[in-house]
Structures are given as structure tokens and as C-alpha cells.
Amino acid sequence: MHRLSGLAKEAGCQRESKEAALRFVASLVAGQPPPPPGPARPHPRLLGRVGLARRWSSAAKASAVKVEEKPAREKILTLESMNPQVKAVEYAVRGPIVLKAGEIEKELRKGIKKPFTEVIKANIGDAHAMGQRPITFLRQVVALCTYPDLLDSPSFPEDSKERARRILQDCGGNSLGSYSASQGVNCIREDVAAYIERRDGGVPADPDNIYLTTGASDGIATILKILVSGGGRSRTGVMIPIPQYPLYSAAISELDAIQVNYYLDEENCWALDVDELRRSLNEAKAYCNPKVLCIINPGNPTGQVQSRKCIEDVIHFAWEEKLFLLADEVYQDNVYSESCEFNSFKKILYEMGPDYSSNVELASFHSTSKGYMGECGYRGGYMEVINLHPDIKGQLVKLLSVRLCPPVSGQAAMDIVVNPPVPGEESYAQFVKEKESVLNNLAKKAKLTEDMFNQVPGIHCNPLQGALYAFPRIFIPSKAIETAKAHKMAPDMFYCMKLLEETGICVVPGSGFGQREGTYHFRMTILPPVEKLKILLEKVKDFHIKFLKEYS
């Protein structure tokens, strides 16, 4: 444009105006006939410069054409080139049904009419998202640790300040913002060990065996990572319950280990049967090396609480078959049935005598996310690992050091779970009141859910002894099964998708957790407030009856 303006300036002295000169020069550069001339022709030198401009314009056009013809650079990372183990990972709790729920929420916000006004996400155990109030004392201590200037405030009780000061003294620079040791803040590990001793009636716990983690999931994945080895028939097999929490199948897929299923007994309240463990193990020996046995107690998604006798049988089986035990005990505070009580695997292991307590390798897991706390977002947790070979202990610490440390705020939250107010302290009465309120409310909702499901034709729900979920069995007519196949869906996925689209209720199909062939279930959390839970259950009842009529 600057070249054209310069040429136009020269042309302007020969033509009527600068605007006319611009039109004249532009037409020459474009190779078009010039506008009708005025009284005088342009200067010869101008025509020479226009020729140069025309050649420059032609070169630019040719260059532009050359760029457009260049093939697009191929992406390095594609579905074909990505890690196949990551592609194999599936996590039903946040799978397709949850993505669909998100789409429906967006449509509701845009004013698109639905047969409902909100999506109720009953797919995940996220207590605070469902309206549960935080435990005051836990939040007070974490707030004080996060903003130490509040230690001078009279608004906080002294027992919360004492705990915050103790945690901060063990943090670099007295700040929650500093890295901790890879194994976790030392005083918090000491508090975890003291908690385990109290919980287990004096069974000793060593802080050196405690590893603070980013939620229980981080600990489980880490232990599995260090356990998996071999190839072919010697590849590590990991025994998991069916139904299972999808973290296990996802971690096994990511590590390219071998998943070995054992089935819980639905007809016997989802009990764990050692004969079923033995069947599963013996069959797996033909194609892998089973060396890990995972137990979820209380159960997720099934809600059963293992009896003491069952735990003893499992420990004996692990000792006999030389299996490494993983005990997922994150729901240890969530026991509702009066006929049940929580027993830790660590406690029973020690009570079985030194042949077991000195030899069976055991990793136990706990978290801030469940129980009465429901602090999912802090990602606090711990694992206790006992009877580990000294050389492996060093390897475990090395592996943990790669991720530097778990979130220190989550570690602080975990400390309050294991070191709550005690009788005689200022915050004790309020803490106990809040804790009991949450747990009593959950027990009430567990019974309500069980009773209402069992009143619906074609739905059967085992007693919800513990944890945060119902896992009812649903009858799906053969016509609905055929329709699901036509849509390339699992029958219970088809059922749950229809439930979502017609009622706004989001639950997870049982196929995402595993189930015996020919049976169908869904998992639903009992966390919504009582009144909303009643509405939810009534909607499921109405939908199921309508579904049976439609596909009979």
C-alpha cells in the first residue's frame, strides 16, 4: 500500500487528483485497463515503477499459492500412536452417562424444556456437592494452617489453634505452602499411627510404615505400580471383587497387569466366599501369576461389611497362597447395620498370631473423602504398609518422591480425621454432635433407600450395611435388551440413559462395576438430603414401572 501511495503521488501531478491517481496505479498493478485518462499521460518513470510493483504483486501472489499448497503437518499424538494402556482405561463413575448429564444441564440452562427442572447427580459419593455441611473443627484447623494470622483471632477455639501450630511447626518455613517430605509431614504420620493403635485396641503402629497420599486412590495406584512385573504367563495378576470400584480395573489396565475377577455372593448380602477366591485363583494360574488380592470393606458399590470370620478366612487364604493383601477401608466410619461392625484387616491379622502378623504383606488405605467428613476436594489420605521387604521400602519411598509430596492442605485435613477433639477440649461437644448427625442421617437414608427399592416390582436391593451407595438389581425385559443391542449399549446402560433422559436422575450402570452375566444393576449414592432422596426414589419407582410396561 505504501508503494501504491508513492506512485500515486507522482501520478497526481499528471492527473486531476490524488484519488484518481490511486485508481490509475492500482489498475496498472492489477493488470487491468486504466481508467479514462485526463488531459495528460503519466510520466515515463512512473510507468517503469508500476512495472516493478506489478512484478512484486505477482511474486507475492505466487508465494501465497505455494503456501496454500503445502500439506498440513501430521499430529504426533493420535489414537493410533497413543499409549494403548491409557486408551484401555475406563472409569464408569465419570463415564458416558455423566457426560450426557452435563449436556442436559447445559440445555436446561439455555431454557430447553425437559420433563424435569434439574439433574440429580447420584452417580458419585461427593458429600458436600450433595449439600452435606463440613465438620467445623476440621475446617477451622485447615483455615488456621492456611492463614496463620488467624491464630491471633478470638473467633477460633484454642484446641484448633494448638493443632494448627503443631502442624505448621513441622512444615518448612512454618507454611502449608512448602513441600513436605515425600512420605508426608512427620507429626501427621505420628498422629495416623496413634489413631490406628486406638482404633485397633492397642495393636502397635509405626509412623515409619505410614505414607500420606493424595486420597486413597493415589496410594492404591502406587502400590499396584510397584507390585506389577513379568510378562506372558508370569505377568502379575491382581484379584479384585466383582462388583468392584472402577479405580481398580482402570489402574490394572494402565499398568498392563492382568485382572482376575472373583465374584461376591449377591444371594448372601454380597458376602466374600473363600471357595470363590480359590476358584478364581486356580483358574488364573493358567494365564498369569496372581500375587495381589484386593478387598473393599465396607464394600463399594455393594455396601456389605465383612464379618470377623470372613476377614480371618481371607487372611489365612492370602498367607497360604502367598498373596499381597490390599485392604481398601475408606468407608470404615460408614457402618449402619446394628448387626455389623468394622474390623480392620490389620487388627485381625495381629490377633491371628505371629505366623500371620509377621509374614502377610498388607497395605491398608483410608481417606478424608468419605466417612462423616466428605472432604473429597482436599485429596487427603494415607496408607499403612506392613511386613514390606526393607529393600522394597526404599524403592517405595523413591517412587513416591517422584511426585514430590501429596497436597499439604490435604495432609492437614487428614490429621484432623485421625486427631479429632477429645473429651475435655473446647470443641469436643460440637464435633461429636456434627459427626453423629451426619452418620445418623446416613443410616436413616440407607434404610429408606433399601425399603423403597424393595417395594418396587422388578427391583431387589440387599441391606445397605455400610458405605454410601445402593446397588439394586433390576429386571430388564428381553424386548429392552434387544433394543439396547440395536443401540450398541449394555442393557443397564440403556436403562440408566433412559432414566436420565426422562427423570434427570444420573446413576451408574452396574456394567461399569462388573456383575454376573445375565444380571443387571445400577449404583446410586444415598447422599442427597432426605426429602430430595425421597423424591428421587419415587421417580425411580415410577420410571421402572413405566419401563416394564413399555418393554413387556
# chains A, B, ... in the order shown; residues from 1 in each chain; ligands from 1
call {"tool": "residues_around", "arguments": {"residues": "Gln465 of chain A", "least_positions_apart": "2", "cutoff": "7 Å", "atoms": "only C-alpha atoms", "output": "JSON, numbers by chain"}}
result
{"A": [303, 304, 305, 335, 336, 337, 463]}
call {"tool": "select_by_dssp", "arguments": {"residues": "segment 102-185 of chain A", "states": "alpha helix (DSSP H)", "output": "compact mmCIF listing (two decimals) with all heavy atoms, in the first residue's frame"}}
result
# COMPACT_ATOMS: atom_id res chain seq x y z
N GLY A 102 -24.15 -33.82 31.86
CA GLY A 102 -23.61 -32.47 31.68
C GLY A 102 -24.23 -31.75 30.49
O GLY A 102 -24.53 -30.55 30.57
N GLU A 103 -24.45 -32.48 29.40
CA GLU A 103 -25.10 -31.89 28.22
C GLU A 103 -26.52 -31.44 28.55
O GLU A 103 -26.96 -30.37 28.13
CB GLU A 103 -25.12 -32.90 27.08
CG GLU A 103 -23.75 -33.22 26.49
CD GLU A 103 -23.82 -34.34 25.47
OE1 GLU A 103 -24.96 -34.72 25.07
OE2 GLU A 103 -22.76 -34.84 25.07
N ILE A 104 -27.24 -32.29 29.29
CA ILE A 104 -28.63 -31.95 29.66
C ILE A 104 -28.66 -30.72 30.56
O ILE A 104 -29.54 -29.86 30.41
CB ILE A 104 -29.30 -33.16 30.33
CG1 ILE A 104 -29.49 -34.29 29.30
CG2 ILE A 104 -30.64 -32.77 30.95
CD1 ILE A 104 -30.00 -35.59 29.88
N GLU A 105 -27.71 -30.61 31.48
CA GLU A 105 -27.65 -29.43 32.34
C GLU A 105 -27.48 -28.16 31.52
O GLU A 105 -28.10 -27.13 31.80
CB GLU A 105 -26.51 -29.58 33.35
CG GLU A 105 -26.82 -30.52 34.51
CD GLU A 105 -25.71 -30.57 35.53
OE1 GLU A 105 -24.53 -30.67 35.13
OE2 GLU A 105 -26.00 -30.52 36.74
N LYS A 106 -26.62 -28.22 30.50
CA LYS A 106 -26.42 -27.06 29.63
C LYS A 106 -27.71 -26.69 28.90
O LYS A 106 -28.05 -25.52 28.75
CB LYS A 106 -25.30 -27.35 28.62
CG LYS A 106 -23.91 -27.39 29.23
CD LYS A 106 -22.86 -27.72 28.18
CE LYS A 106 -21.47 -27.83 28.80
NZ LYS A 106 -20.45 -28.25 27.81
N GLU A 107 -28.43 -27.72 28.44
CA GLU A 107 -29.69 -27.47 27.74
C GLU A 107 -30.72 -26.83 28.67
O GLU A 107 -31.45 -25.92 28.26
CB GLU A 107 -30.24 -28.79 27.18
CG GLU A 107 -29.42 -29.33 26.02
CD GLU A 107 -29.85 -30.73 25.58
OE1 GLU A 107 -30.74 -31.31 26.25
OE2 GLU A 107 -29.29 -31.22 24.60
N LEU A 108 -30.77 -27.29 29.91
CA LEU A 108 -31.71 -26.69 30.88
C LEU A 108 -31.37 -25.22 31.12
O LEU A 108 -32.27 -24.37 31.23
CB LEU A 108 -31.65 -27.46 32.20
CG LEU A 108 -32.32 -28.84 32.23
CD1 LEU A 108 -31.99 -29.58 33.52
CD2 LEU A 108 -33.84 -28.72 32.07
N ARG A 109 -30.07 -24.91 31.20
CA ARG A 109 -29.65 -23.51 31.41
C ARG A 109 -30.03 -22.63 30.22
O ARG A 109 -30.27 -21.43 30.38
CB ARG A 109 -28.15 -23.44 31.68
CG ARG A 109 -27.76 -23.88 33.09
CD ARG A 109 -26.35 -23.45 33.43
NE ARG A 109 -25.34 -24.18 32.67
CZ ARG A 109 -24.78 -25.31 33.07
NH1 ARG A 109 -25.13 -25.86 34.23
NH2 ARG A 109 -23.85 -25.91 32.33
N THR A 136 -17.00 -28.50 61.36
CA THR A 136 -16.47 -27.18 61.73
C THR A 136 -15.02 -27.26 62.16
O THR A 136 -14.17 -26.47 61.70
CB THR A 136 -17.32 -26.56 62.86
OG1 THR A 136 -18.68 -26.46 62.42
CG2 THR A 136 -16.80 -25.19 63.24
N PHE A 137 -14.69 -28.19 63.06
CA PHE A 137 -13.34 -28.24 63.61
C PHE A 137 -12.29 -28.50 62.53
O PHE A 137 -11.23 -27.88 62.52
CB PHE A 137 -13.26 -29.33 64.70
CG PHE A 137 -11.97 -29.33 65.45
CD1 PHE A 137 -11.70 -28.38 66.43
CD2 PHE A 137 -11.00 -30.29 65.19
CE1 PHE A 137 -10.50 -28.38 67.12
CE2 PHE A 137 -9.79 -30.30 65.88
CZ PHE A 137 -9.55 -29.34 66.86
N LEU A 138 -12.60 -29.40 61.60
CA LEU A 138 -11.65 -29.69 60.52
C LEU A 138 -11.38 -28.43 59.70
O LEU A 138 -10.22 -28.10 59.43
CB LEU A 138 -12.21 -30.80 59.64
CG LEU A 138 -11.29 -31.35 58.55
CD1 LEU A 138 -11.61 -32.83 58.28
CD2 LEU A 138 -11.40 -30.57 57.24
N ARG A 139 -12.44 -27.72 59.34
CA ARG A 139 -12.26 -26.51 58.54
C ARG A 139 -11.53 -25.42 59.32
O ARG A 139 -10.75 -24.64 58.74
CB ARG A 139 -13.62 -26.01 58.05
CG ARG A 139 -14.23 -26.87 56.95
CD ARG A 139 -13.38 -26.83 55.68
NE ARG A 139 -13.98 -27.59 54.60
CZ ARG A 139 -14.79 -27.09 53.68
NH1 ARG A 139 -15.12 -25.81 53.71
NH2 ARG A 139 -15.27 -27.86 52.72
N GLN A 140 -11.76 -25.34 60.62
CA GLN A 140 -11.07 -24.34 61.43
C GLN A 140 -9.56 -24.57 61.42
O GLN A 140 -8.77 -23.64 61.21
CB GLN A 140 -11.59 -24.37 62.87
CG GLN A 140 -12.97 -23.76 63.05
CD GLN A 140 -13.51 -23.94 64.45
OE1 GLN A 140 -13.17 -24.90 65.15
NE2 GLN A 140 -14.38 -23.03 64.89
N VAL A 141 -9.15 -25.81 61.63
CA VAL A 141 -7.71 -26.12 61.68
C VAL A 141 -7.07 -25.86 60.32
O VAL A 141 -5.99 -25.25 60.24
CB VAL A 141 -7.47 -27.57 62.14
CG1 VAL A 141 -5.97 -27.89 62.08
CG2 VAL A 141 -7.99 -27.78 63.55
N VAL A 142 -7.72 -26.30 59.24
CA VAL A 142 -7.15 -26.07 57.91
C VAL A 142 -7.09 -24.57 57.60
O VAL A 142 -6.11 -24.09 57.01
CB VAL A 142 -7.95 -26.83 56.83
CG1 VAL A 142 -7.42 -26.50 55.44
CG2 VAL A 142 -7.87 -28.34 57.06
N ALA A 143 -8.11 -23.82 58.00
CA ALA A 143 -8.09 -22.36 57.79
C ALA A 143 -6.92 -21.72 58.54
O ALA A 143 -6.22 -20.85 57.99
CB ALA A 143 -9.41 -21.76 58.25
N LEU A 144 -6.70 -22.14 59.78
CA LEU A 144 -5.60 -21.59 60.58
C LEU A 144 -4.25 -21.94 59.96
O LEU A 144 -3.33 -21.10 59.94
CB LEU A 144 -5.67 -22.13 62.01
CG LEU A 144 -6.82 -21.59 62.87
CD1 LEU A 144 -7.04 -22.47 64.09
CD2 LEU A 144 -6.56 -20.14 63.30
N CYS A 145 -4.13 -23.15 59.46
CA CYS A 145 -2.88 -23.55 58.80
C CYS A 145 -2.66 -22.77 57.51
O CYS A 145 -1.53 -22.40 57.17
CB CYS A 145 -2.90 -25.05 58.49
SG CYS A 145 -2.76 -26.13 59.93
N THR A 146 -3.74 -22.50 56.80
CA THR A 146 -3.64 -21.80 55.52
C THR A 146 -3.32 -20.32 55.71
O THR A 146 -2.54 -19.73 54.96
CB THR A 146 -4.96 -21.95 54.74
OG1 THR A 146 -5.27 -23.34 54.60
CG2 THR A 146 -4.87 -21.32 53.36
N GLU A 158 -9.20 -22.66 71.16
CA GLU A 158 -7.79 -22.89 71.45
C GLU A 158 -7.32 -24.27 70.99
O GLU A 158 -6.18 -24.43 70.53
CB GLU A 158 -7.52 -22.72 72.96
CG GLU A 158 -6.05 -22.64 73.32
CD GLU A 158 -5.30 -21.53 72.58
OE1 GLU A 158 -5.87 -20.44 72.37
OE2 GLU A 158 -4.14 -21.78 72.17
N ASP A 159 -8.19 -25.29 71.07
CA ASP A 159 -7.75 -26.63 70.65
C ASP A 159 -7.48 -26.69 69.14
O ASP A 159 -6.60 -27.43 68.69
CB ASP A 159 -8.74 -27.72 71.08
CG ASP A 159 -10.19 -27.39 70.74
OD1 ASP A 159 -10.45 -26.32 70.17
OD2 ASP A 159 -11.07 -28.21 71.07
N SER A 160 -8.22 -25.89 68.36
CA SER A 160 -7.94 -25.85 66.92
C SER A 160 -6.61 -25.13 66.66
O SER A 160 -5.85 -25.52 65.77
CB SER A 160 -9.07 -25.15 66.17
OG SER A 160 -9.14 -23.76 66.47
N LYS A 161 -6.33 -24.10 67.45
CA LYS A 161 -5.07 -23.37 67.30
C LYS A 161 -3.87 -24.25 67.67
O LYS A 161 -2.82 -24.21 67.00
CB LYS A 161 -5.08 -22.10 68.15
CG LYS A 161 -6.08 -21.06 67.70
CD LYS A 161 -6.07 -19.84 68.62
CE LYS A 161 -7.07 -18.79 68.18
NZ LYS A 161 -7.09 -17.61 69.07
N GLU A 162 -4.02 -25.05 68.72
CA GLU A 162 -2.93 -25.94 69.13
C GLU A 162 -2.57 -26.92 68.02
O GLU A 162 -1.39 -27.15 67.74
CB GLU A 162 -3.33 -26.70 70.40
CG GLU A 162 -3.36 -25.85 71.66
CD GLU A 162 -3.94 -26.60 72.85
OE1 GLU A 162 -4.27 -27.81 72.69
OE2 GLU A 162 -4.09 -25.99 73.93
N ARG A 163 -3.58 -27.49 67.39
CA ARG A 163 -3.31 -28.44 66.31
C ARG A 163 -2.69 -27.74 65.11
O ARG A 163 -1.77 -28.27 64.48
CB ARG A 163 -4.61 -29.16 65.91
CG ARG A 163 -4.98 -30.27 66.89
CD ARG A 163 -6.42 -30.72 66.69
NE ARG A 163 -6.79 -31.84 67.56
CZ ARG A 163 -7.04 -31.73 68.85
NH1 ARG A 163 -6.94 -30.56 69.47
NH2 ARG A 163 -7.38 -32.81 69.56
N ALA A 164 -3.17 -26.57 64.78
CA ALA A 164 -2.61 -25.82 63.64
C ALA A 164 -1.15 -25.47 63.89
O ALA A 164 -0.31 -25.63 62.99
CB ALA A 164 -3.44 -24.57 63.39
N ARG A 165 -0.84 -25.00 65.12
CA ARG A 165 0.56 -24.65 65.43
C ARG A 165 1.47 -25.87 65.30
O ARG A 165 2.58 -25.78 64.77
CB ARG A 165 0.66 -24.07 66.84
CG ARG A 165 0.04 -22.68 67.00
CD ARG A 165 0.36 -22.09 68.36
NE ARG A 165 -0.38 -20.85 68.61
CZ ARG A 165 -1.48 -20.78 69.36
NH1 ARG A 165 -1.96 -21.87 69.95
NH2 ARG A 165 -2.10 -19.62 69.51
N ARG A 166 0.98 -27.01 65.77
CA ARG A 166 1.80 -28.24 65.72
C ARG A 166 2.08 -28.65 64.27
O ARG A 166 3.21 -29.03 63.93
CB ARG A 166 1.07 -29.36 66.46
CG ARG A 166 1.83 -30.69 66.50
CD ARG A 166 1.18 -31.63 67.51
NE ARG A 166 1.85 -32.91 67.53
CZ ARG A 166 1.50 -33.96 66.80
NH1 ARG A 166 0.44 -33.87 66.00
NH2 ARG A 166 2.16 -35.10 66.86
N ILE A 167 1.06 -28.57 63.43
CA ILE A 167 1.26 -28.92 62.03
C ILE A 167 2.22 -27.95 61.36
O ILE A 167 3.15 -28.36 60.64
CB ILE A 167 -0.11 -28.94 61.29
CG1 ILE A 167 -0.97 -30.10 61.81
CG2 ILE A 167 0.09 -29.06 59.78
CD1 ILE A 167 -2.42 -30.04 61.35
N LEU A 168 2.02 -26.65 61.60
CA LEU A 168 2.87 -25.64 60.96
C LEU A 168 4.32 -25.74 61.39
O LEU A 168 5.24 -25.49 60.61
CB LEU A 168 2.32 -24.24 61.24
CG LEU A 168 1.01 -23.89 60.54
CD1 LEU A 168 0.45 -22.56 61.04
CD2 LEU A 168 1.19 -23.85 59.02
N GLN A 169 4.55 -26.12 62.64
CA GLN A 169 5.92 -26.26 63.13
C GLN A 169 6.69 -27.35 62.38
O GLN A 169 7.91 -27.32 62.29
CB GLN A 169 5.92 -26.57 64.63
CG GLN A 169 5.64 -25.34 65.50
CD GLN A 169 5.37 -25.70 66.95
OE1 GLN A 169 5.47 -26.87 67.35
NE2 GLN A 169 5.01 -24.70 67.75
call {"tool": "closest_atom_pairs", "arguments": {"of": "segment 114-203 of chain A", "to": "segment 365-370 of chain A", "cutoff": "10 Å", "atoms": "only C-alpha atoms", "output": "CSV"}}
result
residue,atom,partner,partner_atom,distance
A:Gly125,CA,A:Lys370,CA,7.6
A:Asp126,CA,A:Ser369,CA,7.8
A:Ala127,CA,A:Lys370,CA,7.7
A:His128,CA,A:Ser369,CA,9.8
call {"tool": "closest_residue", "arguments": {"among": "A:Leu293, A:Met383, A:Cys496, A:Leu224", "to": "Ser511 of chain A", "atoms": "only C-alpha atoms"}}
result
A:Cys496
call {"tool": "residues_around", "arguments": {"residues": "Glu425 of chain A", "least_positions_apart": "2", "cutoff": "10 Å", "atoms": "only C-alpha atoms", "output": "list of chain:residue names"}}
result
A:Pro157, A:Glu158, A:Asp159, A:Ser160, A:Pro420, A:Pro421, A:Val422, A:Pro423, A:Ser427, A:Tyr428, A:Ala429
call {"tool": "write_last_selection", "arguments": {"atoms": "N, CA, C and O atoms", "output": "PDB file, in the first residue's frame"}}
result
ATOM      1  N   PRO A 157     -11.367 -21.579  68.470  1.00  0.00           N
ATOM      2  CA  PRO A 157     -11.111 -22.204  69.767  1.00  0.00           C
ATOM      3  C   PRO A 157      -9.640 -22.582  69.928  1.00  0.00           C
ATOM      4  O   PRO A 157      -8.930 -22.818  68.942  1.00  0.00           O
ATOM      5  N   GLU A 158      -9.202 -22.660  71.165  1.00  0.00           N
ATOM      6  CA  GLU A 158      -7.789 -22.893  71.447  1.00  0.00           C
ATOM      7  C   GLU A 158      -7.322 -24.269  70.986  1.00  0.00           C
ATOM      8  O   GLU A 158      -6.183 -24.425  70.528  1.00  0.00           O
ATOM      9  N   ASP A 159      -8.187 -25.286  71.066  1.00  0.00           N
ATOM     10  CA  ASP A 159      -7.746 -26.625  70.646  1.00  0.00           C
ATOM     11  C   ASP A 159      -7.484 -26.688  69.136  1.00  0.00           C
ATOM     12  O   ASP A 159      -6.600 -27.426  68.688  1.00  0.00           O
ATOM     13  N   SER A 160      -8.222 -25.893  68.359  1.00  0.00           N
ATOM     14  CA  SER A 160      -7.940 -25.845  66.918  1.00  0.00           C
ATOM     15  C   SER A 160      -6.613 -25.131  66.660  1.00  0.00           C
ATOM     16  O   SER A 160      -5.849 -25.524  65.771  1.00  0.00           O
ATOM     17  N   PRO A 420      -8.992 -35.928  66.196  1.00  0.00           N
ATOM     18  CA  PRO A 420     -10.115 -35.017  66.439  1.00  0.00           C
ATOM     19  C   PRO A 420     -10.128 -34.531  67.891  1.00  0.00           C
ATOM     20  O   PRO A 420      -9.320 -34.990  68.708  1.00  0.00           O
ATOM     21  N   PRO A 421     -11.028 -33.621  68.238  1.00  0.00           N
ATOM     22  CA  PRO A 421     -11.135 -33.177  69.638  1.00  0.00           C
ATOM     23  C   PRO A 421     -11.452 -34.365  70.559  1.00  0.00           C
ATOM     24  O   PRO A 421     -12.146 -35.309  70.162  1.00  0.00           O
ATOM     25  N   VAL A 422     -10.949 -34.298  71.770  1.00  0.00           N
ATOM     26  CA  VAL A 422     -11.163 -35.355  72.766  1.00  0.00           C
ATOM     27  C   VAL A 422     -11.938 -34.782  73.945  1.00  0.00           C
ATOM     28  O   VAL A 422     -12.010 -33.551  74.112  1.00  0.00           O
ATOM     29  N   PRO A 423     -12.537 -35.654  74.758  1.00  0.00           N
ATOM     30  CA  PRO A 423     -13.289 -35.147  75.917  1.00  0.00           C
ATOM     31  C   PRO A 423     -12.447 -34.195  76.764  1.00  0.00           C
ATOM     32  O   PRO A 423     -11.265 -34.441  77.014  1.00  0.00           O
ATOM     33  N   SER A 427     -13.741 -27.932  71.749  1.00  0.00           N
ATOM     34  CA  SER A 427     -14.526 -28.215  70.543  1.00  0.00           C
ATOM     35  C   SER A 427     -15.179 -29.588  70.556  1.00  0.00           C
ATOM     36  O   SER A 427     -15.875 -29.951  69.597  1.00  0.00           O
ATOM     37  N   TYR A 428     -14.965 -30.371  71.609  1.00  0.00           N
ATOM     38  CA  TYR A 428     -15.395 -31.770  71.608  1.00  0.00           C
ATOM     39  C   TYR A 428     -16.902 -31.920  71.411  1.00  0.00           C
ATOM     40  O   TYR A 428     -17.359 -32.702  70.570  1.00  0.00           O
ATOM     41  N   ALA A 429     -17.693 -31.194  72.181  1.00  0.00           N
ATOM     42  CA  ALA A 429     -19.150 -31.363  72.150  1.00  0.00           C
ATOM     43  C   ALA A 429     -19.706 -31.064  70.761  1.00  0.00           C
ATOM     44  O   ALA A 429     -20.530 -31.831  70.218  1.00  0.00           O
TER      45      ALA A 429
END
call {"tool": "atom_distance", "arguments": {"atom1": "atom CA of Tyr520 of chain A", "atom2": "atom CA of Ile476 of chain A"}}
result
7.4 Å
call {"tool": "residues_around", "arguments": {"residues": "segment 343-351 of chain A", "least_positions_apart": "5", "cutoff": "10 Å", "atoms": "only C-alpha atoms", "output": "PyMOL selection string"}}
result
chain A and resi 196-197+199-205+295+297-298+305-309+311-312+314-316+325-329+332+356-360+362-364+384-386
call {"tool": "closest_residue", "arguments": {"among": "A:Asn334, A:Gln515, A:Asn454, A:Ser178", "to": "Leu442 of chain A", "atoms": "only C-alpha atoms"}}
result
A:Asn334
